[in-house]
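**Student:** One structure coming up, written as structure tokens, with questions to follow.
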Amino acid sequence: MAGSNLTTTEYIQHHLQNLTFGHHPDNGWSIAHSATEAADMGFWAIHLDTMGWSIGLGILFLWIFRKAAKTATTGVPSGLQNFVELMVEFVDNSVKETFHGKSRLIAPLSLTIFCWIFLMNLMDLVPVDFLPMLAQKIGVLVFNADPAHVYFKVVSTTDVNATLGMSLAVFALIIFYAIRTKGVSGFIGELTLHPFNAPSKIAMIFLIPVNLLLELVTLLAKPVSLALRLFGNLYAGELIFILIAAIGLWQLPLHFAWAVFHLLIITLQAFIFMMLTIVYLSMATEEH
């Protein structure tokens with residue numbers, strides 16, 4: 001793909017476009033052949049590459065940990081068992097140090113979040129042309145598609161729809177734990193009676209809209225910050241890989257150098273998403 005007749009701008013735009021399926025006003029249900037067609041499909045269009053890779057890597061995570069659990073032994077552990085036990089212990093300690101409530105869900109949730117996001121981030125280290133070129137060849141040979149219209153993004157976390165979807169799931173859990181711990185009245189009271197309060201009931205009535213506005217902004221900032229932080233860091237990292245591939249000269253050493261540094265970023269971003277999830281859920285279970 002890097003060696004095709006695309007200009008640098010077209011090459012970058014091609015790599016950043018998702019494989020989109022949806023209902024087009026003129027073409028009906030179809031796969032978008034351009035960014036314009038994808039935009040015309042509207043909100044309900046599905047990014048097939050994002051869905052495929054995120055679900056596939058989620059299944060891979062479940063298979064690896066299930067295999068380790070089924071083959072676990074009290075004798076000399078295998079390398080896989082050592083790795084899984086290390087991951088479980090690491091996440092368990094993080095939860096114990098941060099989450100102050102009681103829940104059997106938080107530790108498994110945190111382990112899933114960290115490993116799943118790490119695997120999706122790890123796809124950023126695959127050479128940017130390899131899998132898109134493979135998808136392009138399959139599209140041409142199997143579906144007789146125009147190679148210029150075969151789009152394929154590999155890193156699910158560079159799609160804001162994926163990161164926002166995960167953060168909204170965490171947000172739903174925040175609301176659930178807050179209501180379960182404090183009750184509906186307590187949850188509403190937390191939104192309307194803090195941070196400002198007054199001894200006079202009349203004054204408190206006037207402060208309720210201010211409190212509600214501030215608390216709603218704080219509450220809604222949690223899923224937005226989770227989604228955009230992960231998306232922004234991985235999107236920027238992927239863009240640098242694409243720019244290195246587009247340059248051509250010194251591509252291999254530059255790719256290797258950035259990959260080594262990026263390995264820290266993909267691990268750190270998975271850890272930050274996990275830790276913020278634990279912190280937000282811990283805050284939801286605290287009573288003022």
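A note on labels: chains of the structure tokens are A, B, ... as shown, every chain counts residues from 1, and ligands are counted from 1 in their shown order.
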Between region 64-90 of chain A and region 111-122 of chain A, at 10 Å or less, what are the per-residue closest atom pairs and their distances in Å? Count only C-alpha atoms, order by chain and rising residue number, and return it as a tab-separated table.

**Tutor:**
```
residue	atom	partner	partner_atom	distance
A:Met87	CA	A:Leu111	CA	7.7
A:Val88	CA	A:Leu111	CA	6.9
A:Glu89	CA	A:Leu111	CA	9.8
A:Phe90	CA	A:Leu111	CA	9.0
```

**Student:** For the residues in that selection, give me C-alpha atoms as a JSON list (two decimals), in the first residue's frame.

**Tutor:**
```
[["chain", "number", "residue", "atom", "x", "y", "z"],
["A", 87, "MET", "CA", -1.54, -10.76, 36.17],
["A", 88, "VAL", "CA", -4.24, -11.85, 38.61],
["A", 89, "GLU", "CA", -2.11, -10.98, 41.63],
["A", 90, "PHE", "CA", -1.16, -7.60, 40.15]]
```

**Student:** I need the helix (DSSP H, G or I) residues of region 18-264 of chain A per DSSP on the backbone, written as a PyMOL selection string.

**Tutor:** chain A and resi 35-40+48-70+79-98+106-125+130-143+147-149+156-158+160-192+201-247+251-264

**Student:** With distances taken over only C-alpha atoms, which of A:Thr277, A:Asn211, A:Gly52, A:Asp124 is nearest to Ala198 (chain A)?

**Tutor:** A:Asn211

**Student:** Env of Glu238 (chain A): 10 Å cut, atoms = only C-alpha atoms, seq-sep filter 4 positions within chain, self excluded. Answer as a count of residues only.

**Tutor:** 18

**Student:** Can you tell me, as a list in words, what residues are no more than 12 Å from Gly183 (chain A) when counting only C-alpha atoms, ignoring any on the same chain fewer than 6 positions away?

**Tutor:**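 Within the cut-off, the hits are Ile175, Phe176, Tyr177, Gly189, Glu190, Ala284, Thr285 and Glu287 of chain A.
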
**Student:** Between A:Phe21, A:Tyr11, A:Phe130, A:Trp63, which residue has the minimum interatomic distance to Phe43 (chain A), considering only C-alpha atoms?

**Tutor:** A:Phe21

**Student:** Any idea what the distance is between CA of Pro209 (chain A) and CA of Val170 (chain A)?

**Tutor:**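 Computing the Euclidean distance for CA of Pro209 (chain A) and CA of Val170 (chain A) yields 26.1 Å.
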
**Student:** Name the residues of region 1-222 of chain A that come out as strand (DSSP E) in a backbone DSSP run; write them as a list in words.

**Tutor:**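 The residues of region 1-222 of chain A classed as strand (DSSP E) are Thr20, Phe21, Gly22, His23, His24, Gly28, Trp29, Ser30, Ile31, Ile46 and His47 of chain A.
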
**Student:** In Å, how far is it from CA of Gly186 (chain A) to CA of Ser94 (chain A)?

**Tutor:**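 One can read the CA of Gly186 (chain A) to CA of Ser94 (chain A) distance as 28.2 Å.
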
**Student:** Restricting the calculation to only C-alpha atoms: of A:Gln81, A:Ala245, A:Met204, A:Leu6, which residue gets closest to Val126 (chain A)?

**Tutor:**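 Under the stated criterion, the closest residue is A:Ala245.
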
**Student:** Residues within 9 Å of Asp146 (chain A), please, as a PyMOL selection string. Count only C-alpha atoms; anything in the same chain fewer than 4 positions from it doesn't count.

**Tutor:** chain A and resi 33+136+139-140+150
